[in-house]
Amino acid sequence: MDEDEVIGANLRRYRTDRGITQAKFAMALMSNGVDGMYPQTIQKIERGQRPLRFFEGLVAARVLDVKPEALYDLDPEADVDRDAAKLARNITYAVEAYEAAGDGLNDICNEAEEFLRDASDLNAASRRWIENALNEARPSRKPDSADVGPSDPEPPAPKEN
């Protein structure tokens, strides 16, 4: 790919990622001072058949809410690496949040179980309500250390001959 094709591909990627049609993008550029920008012009730029001029790139970057250098990035694989790193960080944050939520759910379940044991005067409907909620929560609940038996069960005794 030559430079104009790479720049055009960058422009197309940022435009389509934002769900903007070529027609709406051309209108946005013209309303921001870029004369003669039509959908056909956008199409030619994105195909690398016409260069993206400096002023057009500045306005396009503003419309797409990206840094101008992102449009002129001639190493799109570097973007993929940055995107992969960002995605990996987001997964890590999501896992941490999921684990924290699981710990919170576990604490609430333990509190509810203790409440059920101690509340002898609790009416049957309220008791069923709490028990049903606990049953829904248990599949995703981490076992408490008190709920867990030995980690390695004892092997069966050898049979005598």
# chains A, B, ... in the order shown; residues from 1 in each chain; ligands from 1
call {"tool": "residues_around", "arguments": {"residues": "range 51-66 of chain A", "least_positions_apart": "3", "cutoff": "8 Å", "atoms": "only C-alpha atoms", "output": "MDAnalysis selection string"}}
result
chainID A and resid 4 7:8 14:15 18 28:29 32 34 45 48 70:71
call {"tool": "select_by_dssp", "arguments": {"residues": "chain A", "states": "helix (DSSP H, G or I)", "output": "PyMOL selection string"}}
result
chain A and resi 3-17+22-31+39-46+54-64+68-71+76-118+124-140+145-147
call {"tool": "closest_residue", "arguments": {"among": "A:Cys109, A:Lys67, A:Leu74, A:Gly36", "to": "Val6 in chain A", "atoms": "only C-alpha atoms"}}
result
A:Leu74
call {"tool": "residues_around", "arguments": {"residues": "range 120-131 of chain A", "least_positions_apart": "5", "cutoff": "12 Å", "atoms": "only C-alpha atoms", "output": "list in words"}}
result
Ile108, Cys109, Asn110, Glu111, Ala112, Glu113, Glu114, Phe115, Glu136, Ala137 and Arg138 of chain A
call {"tool": "atom_distance", "arguments": {"atom1": "CA of Asp17 in chain A", "atom2": "CA of Ala97 in chain A"}}
result
27.0 Å
call {"tool": "closest_residue", "arguments": {"among": "A:Val95, A:Ala119, A:Ala88, A:Ala26", "to": "Gln40 in chain A", "atoms": "only C-alpha atoms"}}
result
A:Ala26
call {"tool": "atom_distance", "arguments": {"atom1": "CA of Lys24 in chain A", "atom2": "CA of Met37 in chain A"}}
result
10.7 Å
